[in-house]
6 protein chains.
Amino acid sequence: MSSDDLAVGLVGAAVAVALDEDLGVLGDITSLATIPEAALGIGKFVARTEGVLAGTAVTAEVYRQLDADVTVTWRVEDGDVLGVGDEFGRVSGRMRSILGGERTALNFLCHLSGVATQTRQFVEAAGGRVRILDTRKTLPGLRALEKAAVRAGGGYNHRASLSDALLIKDNHLVGLGVDKAVQAASDRWPGRTVEVECERPQQVAEAVEAGAGIVMLDNMSPALSGSITLETVKGYADAGPDLISTSAITQSAPAVDLGLDVEGDT
Amino acid sequence: MSSDDLAVGLVGAAVAVALDEDLGVLGDITSLATIPEAALGIGKFVARTEGVLAGTAVTAEVYRQLDADVTVTWRVEDGDVLGVGDEFGRVSGRMRSILGGERTALNFLCHLSGVATQTRQFVEAAGGRVRILDTRKTLPGLRALEKAAVRAGGGYNHRASLSDALLIKDNHLVGLGVDKAVQAASDRWPGRTVEVECERPQQVAEAVEAGAGIVMLDNMSPALSGSITLETVKGYADAGPDLISTSAITQSAPAVDLGLDVEGDT
Amino acid sequence: MSSDDLAVGLVGAAVAVALDEDLGVLGDITSLATIPEAALGIGKFVARTEGVLAGTAVTAEVYRQLDADVTVTWRVEDGDVLGVGDEFGRVSGRMRSILGGERTALNFLCHLSGVATQTRQFVEAAGGRVRILDTRKTLPGLRALEKAAVRAGGGYNHRASLSDALLIKDNHLVGLGVDKAVQAASDRWPGRTVEVECERPQQVAEAVEAGAGIVMLDNMSPALSGSITLETVKGYADAGPDLISTSAITQSAPAVDLGLDVEGDT
Amino acid sequence: MSSDDLAVGLVGAAVAVALDEDLGVLGDITSLATIPEAALGIGKFVARTEGVLAGTAVTAEVYRQLDADVTVTWRVEDGDVLGVGDEFGRVSGRMRSILGGERTALNFLCHLSGVATQTRQFVEAAGGRVRILDTRKTLPGLRALEKAAVRAGGGYNHRASLSDALLIKDNHLVGLGVDKAVQAASDRWPGRTVEVECERPQQVAEAVEAGAGIVMLDNMSPALSGSITLETVKGYADAGPDLISTSAITQSAPAVDLGLDVEGDT
Amino acid sequence: MSSDDLAVGLVGAAVAVALDEDLGVLGDITSLATIPEAALGIGKFVARTEGVLAGTAVTAEVYRQLDADVTVTWRVEDGDVLGVGDEFGRVSGRMRSILGGERTALNFLCHLSGVATQTRQFVEAAGGRVRILDTRKTLPGLRALEKAAVRAGGGYNHRASLSDALLIKDNHLVGLGVDKAVQAASDRWPGRTVEVECERPQQVAEAVEAGAGIVMLDNMSPALSGSITLETVKGYADAGPDLISTSAITQSAPAVDLGLDVEGDT
Amino acid sequence: MSSDDLAVGLVGAAVAVALDEDLGVLGDITSLATIPEAALGIGKFVARTEGVLAGTAVTAEVYRQLDADVTVTWRVEDGDVLGVGDEFGRVSGRMRSILGGERTALNFLCHLSGVATQTRQFVEAAGGRVRILDTRKTLPGLRALEKAAVRAGGGYNHRASLSDALLIKDNHLVGLGVDKAVQAASDRWPGRTVEVECERPQQVAEAVEAGAGIVMLDNMSPALSGSITLETVKGYADAGPDLISTSAITQSAPAVDLGLDVEGDT
């Protein structure tokens, strides 16, 4: 089991939507025509390329919703590294059900493993001490799952919604200085850490003085230009921050190529 | 308007989920503390990198659901090319509403424009005559929007669900040869084209003879190895197919960097 | 406006489901290919056969959800009689929207007008004094709309759900006599009328004596056999009941043939 | 099991809506007052008239959602013929649960069996070689289930949604001839069969020449007038088409009279 | 089991919403950090103050949705009296699941037991013969559960929705006298009892004469002023009505203090 | 407008559920029988007892969903004090719509104003410097609205969900000491304040030393016994904490008696 399997309860709706959009009104018309109703089968989840696995819990939920008699088992768990050709899980039951859920399951697995893999690469490229955080730049409807995949890849979660942390950006300073904004935020929401995103060095001192608990430096490292990539992250990390936050691990993570090898169960 | 704005009706649920996950129980607590309730503002959608735009209709829906008094206008439409620094749209109204929907709107726009951009690059790399098709390898819950973005990028849509076309793959041939499978499919679903995915050359002849309307060659071009990428697509195109189908344009399309520059409306 | 237009609020979900199942992932692909995005049109709702109209409010909701810029107007209202060829309403706006909602709108209109028409025929066949009531034998998901259509046709509504009235049938008498059952029901739910379905004459006396407020005779008229049909209803009515309840007006009402004549708006 | 039991996953929402509308806020108040909580019972599904069965999977889902401890078993399967008095299935468990789901279950079963029965009658009336297809004239919210019932009755499914096939009608020809419309459709959606509905003989030749894969003749048979009915279908079939499509099998199919005979389980 | 466990099917949606609002995007982040994934535990539901229990079925549903492997058992049932310190139920399984559902479960239990307790107090204060009824003054989204809790506390349910009973108030008499209103109501909805809320003594006679089945006296007892409270209810009861209806038992019922004592299961 | 009107977007689902449970299948049957369809009216929201207003935004949403042509206006805003007899808002439009939404609107208003009023009383009883916080002990499905009502009453929000803050309680210390638990929490979720609930004085020192940002004392004040009430809160406040958190302001807040005086609009 993965340490995120509580998420199963949360992602039922995401799975229902995904199955709906793939099964449509008639269901899997090709299988209805070519696969006998009683045929049983086994599907082996296999990695076609290397990667870090994520998404086992939501995959199990796909098959649970589609056909409660299908069995899904895993050889490894979220966060484990997959080598090319590794069989990492298995689904068995009615062949029509296995095929009917195949693409939905793989769409979750390939994307979420992509997020975990990209995260792991940033963690390794950054070289250890610093922590890699995600952002709210996630794909609509998939935030809970992507944030869990970031954790599976060795990363950490920055705030999950606008509701769960105070983060003052330039847009909040339209009529206020940093000090007034920090004061307003901690007055309104006592007991919460105030984080300030600073785009200029002088803002940092202001923010700290105003009582900000976290200062986020936005694209400000002097010797580096451009955004945070696998190539530049080490340079940022060497500048000594505690945390580096990047959207690259969620929004643009390439899918890992995972497949399902299906055979009849005779 | 975009040619896909009918999709607005379809994507209301996707927008509702996305707003829910970003606004949480308390809403945008930072803005509640720092932005006066009556403050008005303007947000300019600006491209930070080049790309092909997609997602204008769903963005309008984000603001419609959040605050019906916010106005969204576009200078260009889905499918148009954006240069660095181009302002392509504008949102105006209550500042809290503009900021409250910013991330949700951009998450849709950046991803969908990424899909359109990647599609355009494949279309151009393939060199004209051949058509680039998508697959069902889409991100769960976003299929309708991604398929529209593929069209915005100059691509075409392969089947949208298991329900809407017959596509016989190796997995359907467990107990049947290609000819029997094609026969079974066209018997069960009269009037529908049968497409056959062939992994070996001899299957092609079988499929055509059995009455397949479309033959899809899976990773079979003799002189090329590996999957379809921006580098290899021209080689595949030169082999003369009518259509090339690739998951690269949806599942692994990097986000386009689009932003919202916000200022007070005084 | 119809006297049932409050139902619009209630039927939003039914309309959303119906549009979803008809528009699918890609929407109306034929119109996307053949109708210019900017084309405007007018659709005239026309009766191909005679009938009693019902479903105007839900039809308006179909177009409101699909495209808020489409205008729907009615010349008549629910409960009015349509002659062959009568134009009874009109929809105008973007041609793609008119066509995209056509089938969903007509599916509601034709079925609900069928219910209203069938009800009217029973009312007329019964000959006046007696009232025709519906049952809970309705089509799943359409009960609110069908019950409104019964009213439009001149009928009355029997209970709308298991929650809203006491109706003791044979199945409730497993361990109790009629008197005990009526007593238990009025004890548990004080202030509610108890209705008893009687299959044998002696039950009627028992029920009345036990305090039943309504007695329903189930297939019991001595001179008549079979269920209530347009042919037999007069006979039942002549026996003198206040109310006659029949599932024929909802569950098996044939659709009225209504169409939409569409033309370009130039 | 039925060959359509995959549909269970798809119809969960339809069942939830149907149970909601029948149980209301208080549930089955009559049973709460008259049936002891611990009472067990058996319900036998019995045919009161002849018909072809459909809807077993959705019936099982009704009881699964209402009370997972209730057991539903079937003696026959979807598509089998029921004679008067035949017991075709059984539900056992808590008496209150059996009665609480009775009407919802029967509403699905009676309507869907009506669709299957009507389909079977058209198939038999048409006399064999020709295939009977449904249309999109289905009851809102019930399309997936009705299309499955059509298959159970020996019919075939025409397109399931606007999204899954190209069908050019007169309304799409506002500014285009048939040839241009066929061309536009196959250009926009490569690889899909284009079907053309023809109302005049000369359109047929045009459509075929333009590359239409299917030609649908709309009310055009010279010797016959009126629409397709059980009386006229043989005449149409004798004209030699491959497929006959009719809304009569879904939109106006009379319910089959099926009941549930309940007794205490002692 | 409680006599209201049929309600489980109905309240699935209420539970899903409640879990969603408490678990948010990341779930229980404190437990994820401090409780090992494999840790098992037992939670004992204990009364910290006296009260009447209600809500066992919805509590079981909370854990069923969160983690189907968690077991919930009850020592008593809805309607039983709890003394201070009484252990009345137990939940066992994965510690993270127990803690993740704790607050949601208790929020249901404490409020619903508050409703049952308040109801019991009114029943006892009224002194026996008269029956205590609830109203539609319930908390939004919780009506089914609150009405069941009223029954658990020994009370009875007045109408559950606007749809399920006729109740004429002053607002319905804008253009009609009581007699006309009663007539209109019983004409439109034959077979239903008409209840009239009377604010002045002369209305009572009118209502009875017009055929009202129930007369509700609104704040009209001559010797008493103010609304119905635990202190005044006996006075009202002594005036001899059959039923006393009060919103105090739902809308303002103080929560009963129930807790969950958790310990590791070693 | 209230500072919480962004919540309108969030509470659409809560309103839909509440209207559903009150309108049922048939809608407001009494008004359908007694109020002419075209009748217009005005409803004045009036305070029958004193209180602090909350819930204006959700009330507007009730009428928006029910009938978009109804107009709702407010004379005051959330957080303002209402005196007995004060008219604080008005709804005008079709009489049937006004009455159809009356109870749902008032159920929200009376409860949420009860929360705001109770909060105000605690704020005043505590005497100024200390801040009154809510808890997660809210009514299921109403958390966002109740938390906004707490703010309207002058209170502050403690964490809104398990996902948005770290709060270590005894239950998290099964295998860990306070120091290890604080360390584990801040390691796993960097940048977040760790709050520790202490039940014994020695835990406070441990928690502070371990790096806890907030220490919550649970029922620990030496000279006081029992929980926090309007009578005891001043004593707790005098002990000098920054924040006092209490469930009394949400879970057990008595409803404020607000009504709607309706008259015909002639």
# chains A, B, ... in the order shown; residues from 1 in each chain; ligands from 1

$ closest_atom_pairs --of "chain F" --to "chain D" --cutoff "8 Å" --atoms "only C-alpha atoms" --output "JSON lines"
{"residue": "F:Glu21", "atom": "CA", "partner": "D:Val25", "partner_atom": "CA", "distance": 6.7}
{"residue": "F:Gly24", "atom": "CA", "partner": "D:Gly24", "partner_atom": "CA", "distance": 7.0}
{"residue": "F:Val25", "atom": "CA", "partner": "D:Glu21", "partner_atom": "CA", "distance": 6.7}

$ select_by_dssp --residues "region 23-262 of chain B" --states "alpha helix (DSSP H)" --output "ChimeraX atom specification"
/B:23,29-34,56-66,95-126,143-152,178-188,201-210,233-238

$ residues_around --residues "Arg143 (chain E)" --least-positions-apart "2" --cutoff "9 Å" --atoms "only C-alpha atoms" --output "short mmCIF file (atom, residue, chain, number, x, y, z; two decimals) with C-alpha atoms, in the first residue's frame"
data_model
loop_
_atom_site.label_atom_id
_atom_site.label_comp_id
_atom_site.auth_asym_id
_atom_site.auth_seq_id
_atom_site.Cartn_x
_atom_site.Cartn_y
_atom_site.Cartn_z
CA VAL D 25 -36.84 12.94 2.67
CA LEU D 26 -38.50 10.42 4.95
CA ARG E 136 -39.41 22.43 8.18
CA LYS E 137 -37.12 24.70 10.19
CA THR E 138 -34.15 22.39 9.80
CA LEU E 139 -30.54 22.97 8.92
CA PRO E 140 -29.98 23.07 5.15
CA GLY E 141 -28.89 19.70 3.79
CA LEU E 145 -31.23 13.12 9.22
CA GLU E 146 -32.80 15.61 11.60
CA LYS E 147 -36.28 14.24 10.98
CA ALA E 148 -34.99 10.75 11.77
CA ALA E 160 -41.01 16.94 5.16
CA ALA F 18 -31.43 22.64 0.37
CA GLU F 21 -35.04 18.76 -0.01
CA ASP F 22 -37.68 21.45 0.47
#

$ residues_around --residues "Ala210 (chain F)" --least-positions-apart "5" --cutoff "9 Å" --atoms "only C-alpha atoms" --output "PyMOL selection string"
chain F and resi 178-183+205

$ write_last_selection --atoms "all heavy atoms" --output "PDB file, in the first residue's frame"
ATOM      1  N   VAL F 178       6.029  14.451  22.388  1.00  0.00           N
ATOM      2  CA  VAL F 178       5.691  15.713  21.753  1.00  0.00           C
ATOM      3  C   VAL F 178       6.820  16.196  20.853  1.00  0.00           C
ATOM      4  O   VAL F 178       6.591  16.661  19.723  1.00  0.00           O
ATOM      5  CB  VAL F 178       5.362  16.783  22.817  1.00  0.00           C
ATOM      6  CG1 VAL F 178       5.313  18.175  22.197  1.00  0.00           C
ATOM      7  CG2 VAL F 178       4.033  16.469  23.485  1.00  0.00           C
ATOM      8  N   ASP F 179       8.048  16.080  21.334  1.00  0.00           N
ATOM      9  CA  ASP F 179       9.168  16.630  20.550  1.00  0.00           C
ATOM     10  C   ASP F 179       9.313  15.893  19.221  1.00  0.00           C
ATOM     11  O   ASP F 179       9.464  16.499  18.170  1.00  0.00           O
ATOM     12  CB  ASP F 179      10.462  16.577  21.366  1.00  0.00           C
ATOM     13  CG  ASP F 179      10.759  15.176  21.892  1.00  0.00           C
ATOM     14  OD1 ASP F 179       9.817  14.330  21.915  1.00  0.00           O
ATOM     15  OD2 ASP F 179      11.910  14.915  22.277  1.00  0.00           O
ATOM     16  N   LYS F 180       9.217  14.582  19.259  1.00  0.00           N
ATOM     17  CA  LYS F 180       9.326  13.809  18.023  1.00  0.00           C
ATOM     18  C   LYS F 180       8.177  14.121  17.075  1.00  0.00           C
ATOM     19  O   LYS F 180       8.362  14.191  15.855  1.00  0.00           O
ATOM     20  CB  LYS F 180       9.315  12.296  18.336  1.00  0.00           C
ATOM     21  CG  LYS F 180      10.590  11.790  18.993  1.00  0.00           C
ATOM     22  CD  LYS F 180      11.708  11.631  17.987  1.00  0.00           C
ATOM     23  CE  LYS F 180      13.038  11.266  18.617  1.00  0.00           C
ATOM     24  NZ  LYS F 180      12.958  10.227  19.658  1.00  0.00           N
ATOM     25  N   ALA F 181       7.009  14.298  17.629  1.00  0.00           N
ATOM     26  CA  ALA F 181       5.846  14.564  16.772  1.00  0.00           C
ATOM     27  C   ALA F 181       5.966  15.932  16.104  1.00  0.00           C
ATOM     28  O   ALA F 181       5.692  16.080  14.904  1.00  0.00           O
ATOM     29  CB  ALA F 181       4.555  14.487  17.590  1.00  0.00           C
ATOM     30  N   VAL F 182       6.385  16.923  16.866  1.00  0.00           N
ATOM     31  CA  VAL F 182       6.559  18.254  16.269  1.00  0.00           C
ATOM     32  C   VAL F 182       7.623  18.188  15.181  1.00  0.00           C
ATOM     33  O   VAL F 182       7.467  18.756  14.081  1.00  0.00           O
ATOM     34  CB  VAL F 182       6.947  19.292  17.349  1.00  0.00           C
ATOM     35  CG1 VAL F 182       7.339  20.617  16.710  1.00  0.00           C
ATOM     36  CG2 VAL F 182       5.793  19.484  18.320  1.00  0.00           C
ATOM     37  N   GLN F 183       8.687  17.486  15.475  1.00  0.00           N
ATOM     38  CA  GLN F 183       9.770  17.355  14.491  1.00  0.00           C
ATOM     39  C   GLN F 183       9.264  16.664  13.221  1.00  0.00           C
ATOM     40  O   GLN F 183       9.523  17.116  12.099  1.00  0.00           O
ATOM     41  CB  GLN F 183      10.906  16.529  15.121  1.00  0.00           C
ATOM     42  CG  GLN F 183      12.191  16.542  14.302  1.00  0.00           C
ATOM     43  CD  GLN F 183      12.724  17.962  14.161  1.00  0.00           C
ATOM     44  OE1 GLN F 183      12.737  18.710  15.130  1.00  0.00           O
ATOM     45  NE2 GLN F 183      13.086  18.362  12.950  1.00  0.00           N
ATOM     46  N   ALA F 205       5.830  23.185  27.907  1.00  0.00           N
ATOM     47  CA  ALA F 205       7.265  23.439  27.784  1.00  0.00           C
ATOM     48  C   ALA F 205       7.865  22.557  26.690  1.00  0.00           C
ATOM     49  O   ALA F 205       8.641  23.019  25.844  1.00  0.00           O
ATOM     50  CB  ALA F 205       7.947  23.173  29.124  1.00  0.00           C
TER      51      ALA F 205
END

$ residues_around --residues "Gln118 (chain A)" --least-positions-apart "2" --cutoff "8 Å" --atoms "only C-alpha atoms" --output "mmCIF file with all heavy atoms, in the first residue's frame"
data_model
loop_
_atom_site.group_PDB
_atom_site.id
_atom_site.type_symbol
_atom_site.label_atom_id
_atom_site.label_comp_id
_atom_site.auth_asym_id
_atom_site.auth_seq_id
_atom_site.Cartn_x
_atom_site.Cartn_y
_atom_site.Cartn_z
ATOM 1 N N GLY A 114 4.694 10.386 -14.028
ATOM 2 C CA GLY A 114 5.486 11.462 -14.629
ATOM 3 C C GLY A 114 5.773 12.568 -13.625
ATOM 4 O O GLY A 114 6.901 13.085 -13.550
ATOM 5 N N VAL A 115 4.774 12.910 -12.843
ATOM 6 C CA VAL A 115 4.979 13.936 -11.809
ATOM 7 C C VAL A 115 5.992 13.455 -10.769
ATOM 8 O O VAL A 115 6.914 14.192 -10.381
ATOM 9 C CB VAL A 115 3.628 14.276 -11.133
ATOM 10 C CG1 VAL A 115 3.840 15.154 -9.899
ATOM 11 C CG2 VAL A 115 2.694 14.970 -12.132
ATOM 12 N N ALA A 116 5.841 12.212 -10.327
ATOM 13 C CA ALA A 116 6.768 11.677 -9.320
ATOM 14 C C ALA A 116 8.193 11.601 -9.869
ATOM 15 O O ALA A 116 9.167 11.884 -9.162
ATOM 16 C CB ALA A 116 6.292 10.296 -8.863
ATOM 17 N N ARG A 120 11.473 13.571 -8.531
ATOM 18 C CA ARG A 120 12.698 12.872 -8.114
ATOM 19 C C ARG A 120 13.929 13.459 -8.826
ATOM 20 O O ARG A 120 14.990 13.645 -8.225
ATOM 21 C CB ARG A 120 12.567 11.374 -8.431
ATOM 22 C CG ARG A 120 13.758 10.503 -8.069
ATOM 23 C CD ARG A 120 13.956 10.355 -6.563
ATOM 24 N NE ARG A 120 12.762 9.908 -5.903
ATOM 25 C CZ ARG A 120 12.438 8.610 -5.677
ATOM 26 N NH1 ARG A 120 13.262 7.649 -6.038
ATOM 27 N NH2 ARG A 120 11.299 8.305 -5.083
ATOM 28 N N GLN A 121 13.762 13.783 -10.099
ATOM 29 C CA GLN A 121 14.898 14.335 -10.845
ATOM 30 C C GLN A 121 15.297 15.704 -10.299
ATOM 31 O O GLN A 121 16.483 16.016 -10.191
ATOM 32 C CB GLN A 121 14.546 14.418 -12.327
ATOM 33 C CG GLN A 121 14.485 13.020 -12.958
ATOM 34 C CD GLN A 121 13.992 13.029 -14.392
ATOM 35 O OE1 GLN A 121 13.572 14.055 -14.912
ATOM 36 N NE2 GLN A 121 14.038 11.876 -15.042
ATOM 37 N N PHE A 122 14.325 16.509 -9.935
ATOM 38 C CA PHE A 122 14.654 17.815 -9.343
ATOM 39 C C PHE A 122 15.315 17.639 -7.981
ATOM 40 O O PHE A 122 16.258 18.353 -7.632
ATOM 41 C CB PHE A 122 13.402 18.693 -9.212
ATOM 42 C CG PHE A 122 13.154 19.541 -10.420
ATOM 43 C CD1 PHE A 122 12.498 19.033 -11.522
ATOM 44 C CD2 PHE A 122 13.629 20.851 -10.483
ATOM 45 C CE1 PHE A 122 12.279 19.817 -12.659
ATOM 46 C CE2 PHE A 122 13.422 21.639 -11.608
ATOM 47 C CZ PHE A 122 12.742 21.124 -12.702
ATOM 48 N N GLY A 153 7.476 11.303 -5.085
ATOM 49 C CA GLY A 153 8.755 11.543 -5.748
ATOM 50 C C GLY A 153 9.802 12.171 -4.838
ATOM 51 O O GLY A 153 10.903 12.486 -5.292
ATOM 52 N N ALA A 248 7.471 23.107 -12.596
ATOM 53 C CA ALA A 248 7.886 22.153 -13.630
ATOM 54 C C ALA A 248 7.522 20.719 -13.268
ATOM 55 O O ALA A 248 7.330 19.873 -14.141
ATOM 56 C CB ALA A 248 9.393 22.271 -13.873
ATOM 57 N N ILE A 249 7.423 20.448 -11.963
ATOM 58 C CA ILE A 249 7.191 19.049 -11.577
ATOM 59 C C ILE A 249 5.738 18.620 -11.708
ATOM 60 O O ILE A 249 5.425 17.434 -11.634
ATOM 61 C CB ILE A 249 7.686 18.784 -10.127
ATOM 62 C CG1 ILE A 249 6.994 19.729 -9.142
ATOM 63 C CG2 ILE A 249 9.194 18.947 -10.063
ATOM 64 C CD1 ILE A 249 7.408 19.494 -7.683
ATOM 65 N N ALA A 253 5.229 17.975 -16.508
ATOM 66 C CA ALA A 253 5.926 16.697 -16.356
ATOM 67 C C ALA A 253 5.548 15.755 -17.488
ATOM 68 O O ALA A 253 4.365 15.466 -17.668
ATOM 69 C CB ALA A 253 5.566 16.080 -15.017
ATOM 70 N N PRO A 254 6.513 15.274 -18.256
ATOM 71 C CA PRO A 254 6.166 14.313 -19.315
ATOM 72 C C PRO A 254 5.688 12.995 -18.717
ATOM 73 O O PRO A 254 6.175 12.576 -17.669
ATOM 74 C CB PRO A 254 7.471 14.111 -20.086
ATOM 75 C CG PRO A 254 8.538 14.850 -19.360
ATOM 76 C CD PRO A 254 7.955 15.558 -18.182
#

$ select_by_dssp --residues "region 15-263 of chain A" --states "strand (DSSP E)" --output "PyMOL selection string"
chain A and resi 40-47+51-52+71-74+81-82+87-94+131-133+166-168+194-198+214-217+243-245+258-263

$ residues_around --residues "Val233 (chain C)" --least-positions-apart "3" --cutoff "9 Å" --atoms "only C-alpha atoms" --output "MDAnalysis selection string"
chainID C and resid 122 125:127 227:230 236:238 244

$ write_last_selection --atoms "N, CA and C atoms" --output "CSV table (one decimal), in the first residue's frame"
chain,number,residue,atom,x,y,z
C,122,PHE,N,-57.7,10.1,-21.4
C,122,PHE,CA,-58.3,9.3,-20.3
C,122,PHE,C,-59.4,10.2,-19.6
C,125,ALA,N,-62.3,10.3,-21.9
C,125,ALA,CA,-63.0,9.0,-22.0
C,125,ALA,C,-63.7,8.6,-20.7
C,126,ALA,N,-63.2,9.1,-19.6
C,126,ALA,CA,-63.9,8.8,-18.3
C,126,ALA,C,-65.2,9.6,-18.1
C,127,GLY,N,-65.2,10.7,-18.9
C,127,GLY,CA,-66.5,11.4,-18.9
C,127,GLY,C,-66.8,12.4,-17.8
C,227,SER,N,-57.0,-4.4,-16.9
C,227,SER,CA,-56.6,-3.2,-16.3
C,227,SER,C,-57.3,-2.0,-17.0
C,228,ILE,N,-57.0,-0.8,-16.5
C,228,ILE,CA,-57.7,0.4,-17.0
C,228,ILE,C,-57.1,0.9,-18.3
C,229,THR,N,-57.9,0.9,-19.3
C,229,THR,CA,-57.5,1.4,-20.6
C,229,THR,C,-58.5,2.5,-21.1
C,230,LEU,N,-58.1,3.1,-22.2
C,230,LEU,CA,-59.0,4.0,-22.8
C,230,LEU,C,-60.4,3.4,-23.1
C,236,TYR,N,-65.3,1.9,-15.5
C,236,TYR,CA,-64.9,2.1,-14.1
C,236,TYR,C,-65.5,3.4,-13.6
C,237,ALA,N,-65.5,4.4,-14.4
C,237,ALA,CA,-66.0,5.7,-13.9
C,237,ALA,C,-67.4,5.6,-13.6
C,238,ASP,N,-68.2,4.9,-14.4
C,238,ASP,CA,-69.6,4.7,-14.1
C,238,ASP,C,-69.9,4.0,-12.8
C,244,ILE,N,-59.7,7.8,-10.3
C,244,ILE,CA,-59.2,6.6,-10.9
C,244,ILE,C,-57.7,6.9,-11.2

$ decode --residues "region 36-45 of chain B" --atoms "N, CA, C and O atoms" --output "mmCIF file, in the first residue's frame"
data_model
loop_
_atom_site.group_PDB
_atom_site.id
_atom_site.type_symbol
_atom_site.label_atom_id
_atom_site.label_comp_id
_atom_site.auth_asym_id
_atom_site.auth_seq_id
_atom_site.Cartn_x
_atom_site.Cartn_y
_atom_site.Cartn_z
ATOM 1 N N PRO B 36 -9.325 45.551 -0.406
ATOM 2 C CA PRO B 36 -10.650 46.036 0.008
ATOM 3 C C PRO B 36 -11.738 45.397 -0.854
ATOM 4 O O PRO B 36 -11.537 45.157 -2.049
ATOM 5 N N GLU B 37 -12.874 45.148 -0.213
ATOM 6 C CA GLU B 37 -13.945 44.466 -0.922
ATOM 7 C C GLU B 37 -14.368 45.203 -2.189
ATOM 8 O O GLU B 37 -14.689 44.593 -3.209
ATOM 9 N N ALA B 38 -14.365 46.531 -2.140
ATOM 10 C CA ALA B 38 -14.882 47.302 -3.270
ATOM 11 C C ALA B 38 -13.847 47.554 -4.366
ATOM 12 O O ALA B 38 -14.182 48.094 -5.425
ATOM 13 N N ALA B 39 -12.600 47.174 -4.127
ATOM 14 C CA ALA B 39 -11.550 47.491 -5.098
ATOM 15 C C ALA B 39 -11.806 46.836 -6.439
ATOM 16 O O ALA B 39 -12.150 45.650 -6.513
ATOM 17 N N LEU B 40 -11.624 47.584 -7.486
ATOM 18 C CA LEU B 40 -11.761 47.052 -8.839
ATOM 19 C C LEU B 40 -10.378 46.897 -9.453
ATOM 20 O O LEU B 40 -9.417 47.535 -9.027
ATOM 21 N N GLY B 41 -10.300 46.070 -10.464
ATOM 22 C CA GLY B 41 -8.999 45.871 -11.094
ATOM 23 C C GLY B 41 -9.143 45.410 -12.522
ATOM 24 O O GLY B 41 -10.251 45.147 -13.019
ATOM 25 N N ILE B 42 -8.002 45.354 -13.174
ATOM 26 C CA ILE B 42 -7.923 44.841 -14.535
ATOM 27 C C ILE B 42 -6.781 43.840 -14.576
ATOM 28 O O ILE B 42 -5.717 44.084 -14.003
ATOM 29 N N GLY B 43 -7.008 42.734 -15.217
ATOM 30 C CA GLY B 43 -5.943 41.755 -15.407
ATOM 31 C C GLY B 43 -5.718 41.554 -16.893
ATOM 32 O O GLY B 43 -6.679 41.367 -17.634
ATOM 33 N N LYS B 44 -4.451 41.631 -17.293
ATOM 34 C CA LYS B 44 -4.123 41.437 -18.712
ATOM 35 C C LYS B 44 -3.451 40.084 -18.885
ATOM 36 O O LYS B 44 -2.414 39.812 -18.268
ATOM 37 N N PHE B 45 -4.038 39.263 -19.720
ATOM 38 C CA PHE B 45 -3.416 37.972 -20.026
ATOM 39 C C PHE B 45 -2.262 38.218 -20.991
ATOM 40 O O PHE B 45 -2.465 38.802 -22.069
#
